Amino acid sequence: MQKGQPLLLTHIRILRLSLMTCGAWPNEVLEGSSRRRFSLAFIIIIISCINTCGELNYLIKNYNILPFFDLGDLYMTFFLTILTLIRAIIPTVKSYGDVVCTFFMEFHLEHYKQKGEYYEEICNKINKFSHYFTLLTVANMTLGPIFFNLAPLYNNYRHGAFTNNREENYTLQFSVYFLYPWYDQEDHFITTSLINLYLSYFCALLVCCLDLLMSLMAFQIIGHIKTLIYDLRHVPRPKRHISMDISFRETNTKANIYADIYDEQENIVIRAKIIDFVNHHRQIVNFAGSMSELFGPMLAFTYLYQLISCALLLLECSQGEPAALARYGPLTVIIFYQLAQISFTFEFIGSESDKLKDETYDIPWECMSVKNQRLVWMLLNRIQIPIRVTALGMVEVGVQTMVAILKTTFSYFALLKSINE
């Protein structure tokens, strides 16, 4: 593989193929103009809107009829559909293509491997980790819809739904319930099952793949911060040593003090390095800010969805029945995994960037010229605030937010459990 070609990486090819199937791969900026991408994206948005209306209609019509656990199932799938709709809108935003293009064509560490051995080492490590992370995400994306649809299909098969010997008074089960004036799920069992598989697949695709893209961007930010820390640690010390005689009047003694001072040529080299540090840090901050602006609304609603759905999924799993565990167990694991993955990844960005201020202060600024010391002060002033990705500019994406969500989730779960009992 050639250097500076991140699109040739195996995990990026997997991501590209996955995003292309839901109209989220911006080939108009990466591979030339294409209208098919936006057509597919808008079709998915329209389907998501129609599905949202159908689920809401079913929920309203059956609110006073359905048991407590069935209502929890409907609420959970309804909010998941809204989450899918919001994520389907994200790839149609103009800034989406700009951010993704900047990521692959400018920001990715593949473009920085020629800067030194450490850059290449960090790039290879992150690419390797990203590869296995992508495979894990694809596995979740594949298994989630299968298990979510398997239990209803098996229960219907067991009661003869696929044959003419269907049991009397048996109500068919579906993974997603919707109702339209012209369409009744009970009358079109096979068609509805196929539609549910299709909807589940695109839901998993948009949820998992956009999170995967966002995580790959976060990994590259971490890599850039690590390379900047390395560069700060390896600022060369002065080669010139100066001896100064100092007299102390009070004690009437003399002492020789040795100091390391950069000469004029060294100060020119050091000034270029500091300017490079400032530009590198500015590039990282700008890209993290672009991520926050683009993915902020999606992250905010994702946190809201996790706050609601985690409690509902725990409630459904608390039934203890094999069918309920088979259907909701894998989805519960995936949702909690998604919450932890996003939170820990972006928390690591903040913790790594927090090291920059100490590394900057440790460079030999006392040996520099006054002009260079001013530059160091400017850099030190810029890196005081850790690099954070926020949801709508209000909530920091990290471990503290995750802990708050988990506490609220278990509180809601206990409340719902007591209401049911």
# chains A, B, ... in the order shown; residues from 1 in each chain; ligands from 1
$ residues_around --residues "Val176 of chain A" --least-positions-apart "4" --cutoff "8 Å" --atoms "only C-alpha atoms" --output "PyMOL selection string"
chain A and resi 55+74+77+196
$ residues_around --residues "segment 301-315 of chain A" --least-positions-apart "4" --cutoff "9 Å" --atoms "only C-alpha atoms" --output "number ranges by chain"
A: 69, 72-73, 75-77, 79-80, 83, 86, 296-297, 319, 328-329, 331-332, 335-336, 339, 391, 401-402, 405-406, 408-414, 416-417
$ write_last_selection --atoms "N, CA and C atoms" --output "short mmCIF file (atom, residue, chain, number, x, y, z; two decimals), in the first residue's frame"
data_model
loop_
_atom_site.label_atom_id
_atom_site.label_comp_id
_atom_site.auth_asym_id
_atom_site.auth_seq_id
_atom_site.Cartn_x
_atom_site.Cartn_y
_atom_site.Cartn_z
N PHE A 69 -45.32 -4.70 29.22
CA PHE A 69 -44.06 -5.02 28.55
C PHE A 69 -44.14 -4.75 27.05
N GLY A 72 -43.54 -1.14 26.45
CA GLY A 72 -42.11 -0.85 26.55
C GLY A 72 -41.38 -1.19 25.26
N ASP A 73 -41.77 -2.31 24.64
CA ASP A 73 -41.18 -2.70 23.36
C ASP A 73 -41.49 -1.67 22.29
N TYR A 75 -42.29 1.55 22.66
CA TYR A 75 -41.56 2.80 22.91
C TYR A 75 -40.10 2.68 22.47
N MET A 76 -39.49 1.55 22.79
CA MET A 76 -38.09 1.36 22.46
C MET A 76 -37.86 1.38 20.95
N THR A 77 -38.68 0.65 20.18
CA THR A 77 -38.53 0.63 18.73
C THR A 77 -38.88 1.98 18.11
N PHE A 79 -38.43 5.05 19.47
CA PHE A 79 -37.30 5.96 19.64
C PHE A 79 -36.11 5.53 18.78
N LEU A 80 -35.96 4.23 18.57
CA LEU A 80 -34.89 3.75 17.70
C LEU A 80 -35.14 4.19 16.25
N LEU A 83 -34.17 7.79 16.05
CA LEU A 83 -32.70 7.87 16.01
C LEU A 83 -32.19 7.57 14.61
N ILE A 86 -32.82 10.63 12.35
CA ILE A 86 -31.86 11.71 12.58
C ILE A 86 -30.51 11.37 11.95
N GLY A 296 -22.61 16.81 16.76
CA GLY A 296 -23.18 17.24 18.04
C GLY A 296 -24.65 16.90 18.19
N PRO A 297 -25.53 17.28 17.23
CA PRO A 297 -26.95 16.91 17.36
C PRO A 297 -27.17 15.41 17.42
N GLN A 319 -37.88 -9.87 32.30
CA GLN A 319 -38.92 -10.90 32.25
C GLN A 319 -38.34 -12.28 32.50
N TYR A 328 -33.94 -9.29 23.22
CA TYR A 328 -33.48 -8.02 23.77
C TYR A 328 -32.08 -8.10 24.37
N GLY A 329 -31.60 -9.31 24.68
CA GLY A 329 -30.26 -9.44 25.27
C GLY A 329 -29.16 -8.89 24.39
N LEU A 331 -29.34 -6.86 21.85
CA LEU A 331 -29.54 -5.42 21.63
C LEU A 331 -29.13 -4.62 22.86
N THR A 332 -29.41 -5.16 24.05
CA THR A 332 -28.99 -4.48 25.29
C THR A 332 -27.48 -4.38 25.36
N ILE A 335 -26.25 -1.73 22.84
CA ILE A 335 -26.51 -0.34 23.24
C ILE A 335 -25.56 0.09 24.36
N PHE A 336 -25.36 -0.79 25.37
CA PHE A 336 -24.43 -0.45 26.45
C PHE A 336 -23.00 -0.37 25.92
N LEU A 339 -22.62 2.95 24.16
CA LEU A 339 -22.47 4.03 25.14
C LEU A 339 -21.06 4.08 25.70
N ALA A 391 -21.69 17.54 22.72
CA ALA A 391 -23.00 17.33 22.11
C ALA A 391 -23.77 18.63 22.17
N THR A 401 -20.40 11.86 31.64
CA THR A 401 -21.74 11.83 31.05
C THR A 401 -22.27 10.40 31.03
N MET A 402 -21.40 9.44 30.71
CA MET A 402 -21.81 8.04 30.69
C MET A 402 -22.26 7.59 32.08
N ILE A 405 -25.65 8.95 32.85
CA ILE A 405 -26.69 8.22 32.11
C ILE A 405 -26.97 6.87 32.76
N LEU A 406 -25.92 6.16 33.17
CA LEU A 406 -26.11 4.85 33.80
C LEU A 406 -26.87 4.98 35.12
N THR A 408 -29.01 7.32 35.96
CA THR A 408 -30.41 7.63 35.64
C THR A 408 -31.11 6.43 35.06
N THR A 409 -30.39 5.65 34.24
CA THR A 409 -30.98 4.45 33.63
C THR A 409 -31.45 3.47 34.69
N PHE A 410 -30.59 3.17 35.65
CA PHE A 410 -30.97 2.20 36.68
C PHE A 410 -32.07 2.76 37.59
N SER A 411 -32.10 4.07 37.78
CA SER A 411 -33.19 4.67 38.55
C SER A 411 -34.52 4.50 37.81
N TYR A 412 -34.52 4.78 36.49
CA TYR A 412 -35.73 4.61 35.68
C TYR A 412 -36.16 3.15 35.65
N PHE A 413 -35.17 2.25 35.54
CA PHE A 413 -35.48 0.82 35.50
C PHE A 413 -36.15 0.37 36.79
N ALA A 414 -35.62 0.82 37.93
CA ALA A 414 -36.22 0.47 39.22
C ALA A 414 -37.64 1.03 39.33
N LEU A 416 -39.75 1.77 36.76
CA LEU A 416 -40.62 1.01 35.88
C LEU A 416 -40.91 -0.39 36.42
N LYS A 417 -39.91 -0.98 37.04
CA LYS A 417 -40.11 -2.32 37.63
C LYS A 417 -41.13 -2.27 38.76
#
$ residues_around --residues "segment 41-54 of chain A" --least-positions-apart "4" --cutoff "12 Å" --atoms "only C-alpha atoms" --output "PyMOL selection string"
chain A and resi 19-26+35-37+58-61+74-75+77-93+176-185+195-196+198-203+205-206
$ write_last_selection --atoms "C-alpha atoms" --output "PDB file, in the first residue's frame"
ATOM      1  CA  LEU A  19     -21.754   3.625   4.063  1.00  0.00           C
ATOM      2  CA  MET A  20     -22.427   3.372   0.329  1.00  0.00           C
ATOM      3  CA  THR A  21     -25.386   1.048   0.941  1.00  0.00           C
ATOM      4  CA  CYS A  22     -27.160   3.743   2.990  1.00  0.00           C
ATOM      5  CA  GLY A  23     -26.103   6.799   0.975  1.00  0.00           C
ATOM      6  CA  ALA A  24     -23.640   8.018   3.607  1.00  0.00           C
ATOM      7  CA  TRP A  25     -20.360   7.733   1.660  1.00  0.00           C
ATOM      8  CA  PRO A  26     -19.605  11.223   0.239  1.00  0.00           C
ATOM      9  CA  ARG A  35     -26.326  12.038  -7.669  1.00  0.00           C
ATOM     10  CA  ARG A  36     -27.132   8.452  -6.721  1.00  0.00           C
ATOM     11  CA  ARG A  37     -25.784   8.974  -3.210  1.00  0.00           C
ATOM     12  CA  TYR A  58     -49.992   1.845  16.001  1.00  0.00           C
ATOM     13  CA  LEU A  59     -48.917   3.091  19.424  1.00  0.00           C
ATOM     14  CA  ILE A  60     -51.817   5.549  19.661  1.00  0.00           C
ATOM     15  CA  LYS A  61     -54.427   3.017  18.510  1.00  0.00           C
ATOM     16  CA  LEU A  74     -43.120  -0.219  21.233  1.00  0.00           C
ATOM     17  CA  TYR A  75     -41.565   2.804  22.910  1.00  0.00           C
ATOM     18  CA  THR A  77     -38.529   0.632  18.728  1.00  0.00           C
ATOM     19  CA  PHE A  78     -40.231   3.998  18.178  1.00  0.00           C
ATOM     20  CA  PHE A  79     -37.302   5.963  19.641  1.00  0.00           C
ATOM     21  CA  LEU A  80     -34.895   3.745  17.695  1.00  0.00           C
ATOM     22  CA  THR A  81     -36.740   4.698  14.497  1.00  0.00           C
ATOM     23  CA  ILE A  82     -36.426   8.408  15.345  1.00  0.00           C
ATOM     24  CA  LEU A  83     -32.703   7.866  16.010  1.00  0.00           C
ATOM     25  CA  THR A  84     -32.419   6.233  12.579  1.00  0.00           C
ATOM     26  CA  LEU A  85     -34.217   9.188  10.977  1.00  0.00           C
ATOM     27  CA  ILE A  86     -31.858  11.709  12.585  1.00  0.00           C
ATOM     28  CA  ARG A  87     -28.816   9.721  11.509  1.00  0.00           C
ATOM     29  CA  ALA A  88     -30.199   9.409   7.985  1.00  0.00           C
ATOM     30  CA  ILE A  89     -30.349  13.216   7.783  1.00  0.00           C
ATOM     31  CA  ILE A  90     -26.709  13.744   8.884  1.00  0.00           C
ATOM     32  CA  PRO A  91     -25.103  12.546   5.575  1.00  0.00           C
ATOM     33  CA  THR A  92     -27.233  15.011   3.579  1.00  0.00           C
ATOM     34  CA  VAL A  93     -25.805  18.024   5.416  1.00  0.00           C
ATOM     35  CA  VAL A 176     -41.446  -3.600  14.418  1.00  0.00           C
ATOM     36  CA  TYR A 177     -45.159  -2.815  14.690  1.00  0.00           C
ATOM     37  CA  PHE A 178     -46.736  -0.231  12.409  1.00  0.00           C
ATOM     38  CA  LEU A 179     -50.249   0.537  11.214  1.00  0.00           C
ATOM     39  CA  TYR A 180     -51.545   2.330   8.128  1.00  0.00           C
ATOM     40  CA  PRO A 181     -55.130   2.765   6.898  1.00  0.00           C
ATOM     41  CA  TRP A 182     -54.311   0.734   3.794  1.00  0.00           C
ATOM     42  CA  TYR A 183     -52.039  -1.881   5.382  1.00  0.00           C
ATOM     43  CA  ASP A 184     -52.582  -4.408   8.170  1.00  0.00           C
ATOM     44  CA  GLN A 185     -49.555  -6.443   9.283  1.00  0.00           C
ATOM     45  CA  ILE A 195     -39.929  -5.120   5.579  1.00  0.00           C
ATOM     46  CA  ASN A 196     -38.913  -5.460   9.235  1.00  0.00           C
ATOM     47  CA  TYR A 198     -34.986  -4.309   5.804  1.00  0.00           C
ATOM     48  CA  LEU A 199     -35.769  -1.618   8.390  1.00  0.00           C
ATOM     49  CA  SER A 200     -33.658  -3.351  11.049  1.00  0.00           C
ATOM     50  CA  TYR A 201     -30.730  -3.638   8.664  1.00  0.00           C
ATOM     51  CA  PHE A 202     -30.718   0.048   7.726  1.00  0.00           C
ATOM     52  CA  CYS A 203     -31.189   1.031  11.360  1.00  0.00           C
ATOM     53  CA  LEU A 205     -26.221   0.295   9.379  1.00  0.00           C
ATOM     54  CA  LEU A 206     -26.814   3.964  10.169  1.00  0.00           C
TER      55      LEU A 206
END
$ closest_residue --among "A:Arg237, A:Arg16, A:Arg388, A:His224" --to "Glu366 of chain A" --atoms "only C-alpha atoms"
A:Arg237
$ atom_distance --atom1 "atom CA of Glu121 of chain A" --atom2 "atom CA of Pro6 of chain A"
15.2 Å
$ select_by_dssp --residues "segment 294-396 of chain A" --states "helix (DSSP H, G or I)" --output "ChimeraX atom specification"
/A:294-317,322-353,356-361,365-367,370-382
$ residues_around --residues "segment 290-293 of chain A" --least-positions-apart "2" --cutoff "12 Å" --atoms "only C-alpha atoms" --output "MDAnalysis selection string"
chainID A and resid 90 93:103 213:218 221 283:288 295:300 346 387:397
$ write_last_selection --atoms "N, CA and C atoms" --output "short mmCIF file (atom, residue, chain, number, x, y, z; two decimals), in the first residue's frame"
data_model
loop_
_atom_site.label_atom_id
_atom_site.label_comp_id
_atom_site.auth_asym_id
_atom_site.auth_seq_id
_atom_site.Cartn_x
_atom_site.Cartn_y
_atom_site.Cartn_z
N ILE A 90 -28.08 13.25 8.73
CA ILE A 90 -26.71 13.74 8.88
C ILE A 90 -25.91 13.69 7.58
N VAL A 93 -26.26 16.68 5.06
CA VAL A 93 -25.81 18.02 5.42
C VAL A 93 -24.52 18.34 4.66
N LYS A 94 -24.36 19.56 4.17
CA LYS A 94 -23.20 19.92 3.37
C LYS A 94 -21.89 19.76 4.14
N SER A 95 -21.89 20.12 5.42
CA SER A 95 -20.66 20.03 6.20
C SER A 95 -20.20 18.59 6.38
N TYR A 96 -21.11 17.62 6.21
CA TYR A 96 -20.73 16.21 6.35
C TYR A 96 -19.65 15.84 5.32
N GLY A 97 -19.91 16.18 4.06
CA GLY A 97 -18.92 15.88 3.02
C GLY A 97 -17.62 16.61 3.25
N ASP A 98 -17.69 17.86 3.72
CA ASP A 98 -16.47 18.64 3.97
C ASP A 98 -15.62 18.03 5.07
N VAL A 99 -16.27 17.62 6.17
CA VAL A 99 -15.53 17.04 7.30
C VAL A 99 -14.91 15.70 6.91
N VAL A 100 -15.69 14.85 6.23
CA VAL A 100 -15.17 13.55 5.83
C VAL A 100 -14.03 13.70 4.83
N CYS A 101 -14.17 14.65 3.90
CA CYS A 101 -13.10 14.89 2.93
C CYS A 101 -11.83 15.39 3.62
N THR A 102 -11.98 16.32 4.57
CA THR A 102 -10.82 16.80 5.33
C THR A 102 -10.16 15.67 6.09
N PHE A 103 -10.98 14.78 6.64
CA PHE A 103 -10.44 13.67 7.42
C PHE A 103 -9.57 12.75 6.56
N LEU A 213 -17.47 5.63 11.83
CA LEU A 213 -16.78 6.76 11.19
C LEU A 213 -16.32 7.77 12.24
N MET A 214 -17.20 8.08 13.17
CA MET A 214 -16.87 9.04 14.22
C MET A 214 -15.73 8.52 15.10
N SER A 215 -15.74 7.23 15.41
CA SER A 215 -14.68 6.65 16.24
C SER A 215 -13.34 6.63 15.51
N LEU A 216 -13.35 6.32 14.22
CA LEU A 216 -12.10 6.34 13.45
C LEU A 216 -11.51 7.75 13.42
N MET A 217 -12.36 8.75 13.33
CA MET A 217 -11.88 10.14 13.41
C MET A 217 -11.28 10.41 14.78
N ALA A 218 -11.93 9.92 15.83
CA ALA A 218 -11.42 10.14 17.19
C ALA A 218 -10.07 9.46 17.38
N ILE A 221 -7.44 11.63 15.94
CA ILE A 221 -7.17 12.77 16.81
C ILE A 221 -6.22 12.36 17.92
N GLN A 283 -4.62 22.68 14.10
CA GLN A 283 -5.25 21.74 13.19
C GLN A 283 -6.09 20.71 13.95
N ILE A 284 -5.55 20.21 15.06
CA ILE A 284 -6.29 19.23 15.88
C ILE A 284 -7.54 19.85 16.46
N VAL A 285 -7.40 21.06 17.02
CA VAL A 285 -8.55 21.74 17.64
C VAL A 285 -9.62 22.04 16.60
N ASN A 286 -9.21 22.50 15.42
CA ASN A 286 -10.18 22.83 14.37
C ASN A 286 -10.94 21.60 13.91
N PHE A 287 -10.24 20.47 13.77
CA PHE A 287 -10.92 19.27 13.32
C PHE A 287 -11.87 18.75 14.40
N ALA A 288 -11.44 18.79 15.66
CA ALA A 288 -12.33 18.38 16.75
C ALA A 288 -13.55 19.29 16.82
N PHE A 295 -21.46 16.30 14.34
CA PHE A 295 -22.04 15.16 15.05
C PHE A 295 -22.69 15.55 16.38
N GLY A 296 -22.61 16.81 16.76
CA GLY A 296 -23.18 17.24 18.04
C GLY A 296 -24.65 16.90 18.19
N PRO A 297 -25.53 17.28 17.23
CA PRO A 297 -26.95 16.91 17.36
C PRO A 297 -27.17 15.41 17.42
N MET A 298 -26.41 14.66 16.62
CA MET A 298 -26.54 13.21 16.62
C MET A 298 -26.13 12.62 17.97
N LEU A 299 -25.03 13.13 18.54
CA LEU A 299 -24.58 12.64 19.84
C LEU A 299 -25.56 12.98 20.94
N ALA A 300 -26.16 14.18 20.86
CA ALA A 300 -27.12 14.59 21.88
C ALA A 300 -28.34 13.66 21.88
N PHE A 346 -13.87 9.31 23.50
CA PHE A 346 -13.74 10.76 23.55
C PHE A 346 -13.17 11.24 24.89
N ILE A 387 -8.81 19.31 24.70
CA ILE A 387 -9.61 19.14 23.49
C ILE A 387 -10.79 18.24 23.82
N ARG A 388 -11.99 18.75 23.62
CA ARG A 388 -13.20 17.99 23.93
C ARG A 388 -14.17 18.04 22.76
N VAL A 389 -14.88 16.93 22.55
CA VAL A 389 -15.99 16.89 21.60
C VAL A 389 -17.27 16.98 22.42
N THR A 390 -18.15 17.90 22.03
CA THR A 390 -19.36 18.15 22.82
C THR A 390 -20.61 17.84 22.00
N ALA A 391 -21.69 17.54 22.72
CA ALA A 391 -23.00 17.33 22.11
C ALA A 391 -23.77 18.63 22.17
N LEU A 392 -23.98 19.26 21.00
CA LEU A 392 -24.68 20.54 20.90
C LEU A 392 -23.97 21.65 21.66
N GLY A 393 -22.66 21.50 21.87
CA GLY A 393 -21.89 22.53 22.55
C GLY A 393 -22.19 22.65 24.03
N MET A 394 -22.97 21.72 24.59
CA MET A 394 -23.37 21.83 25.99
C MET A 394 -22.83 20.69 26.85
N VAL A 395 -22.97 19.46 26.37
CA VAL A 395 -22.60 18.28 27.15
C VAL A 395 -21.31 17.69 26.60
N GLU A 396 -20.30 17.55 27.44
CA GLU A 396 -19.06 16.94 27.01
C GLU A 396 -19.25 15.43 26.87
N VAL A 397 -18.78 14.90 25.75
CA VAL A 397 -18.87 13.46 25.51
C VAL A 397 -17.71 12.80 26.25
#
$ residues_around --residues "Val138 of chain A" --least-positions-apart "2" --cutoff "10 Å" --atoms "only C-alpha atoms" --output "list of chain:residue names"
A:Ile14, A:Leu15, A:Ser18, A:Tyr132, A:Phe133, A:Thr134, A:Leu135, A:Leu136, A:Asn140, A:Met141, A:Thr142, A:Leu143, A:Gly144, A:Ala204, A:Leu205, A:Cys208, A:Cys209, A:Leu212
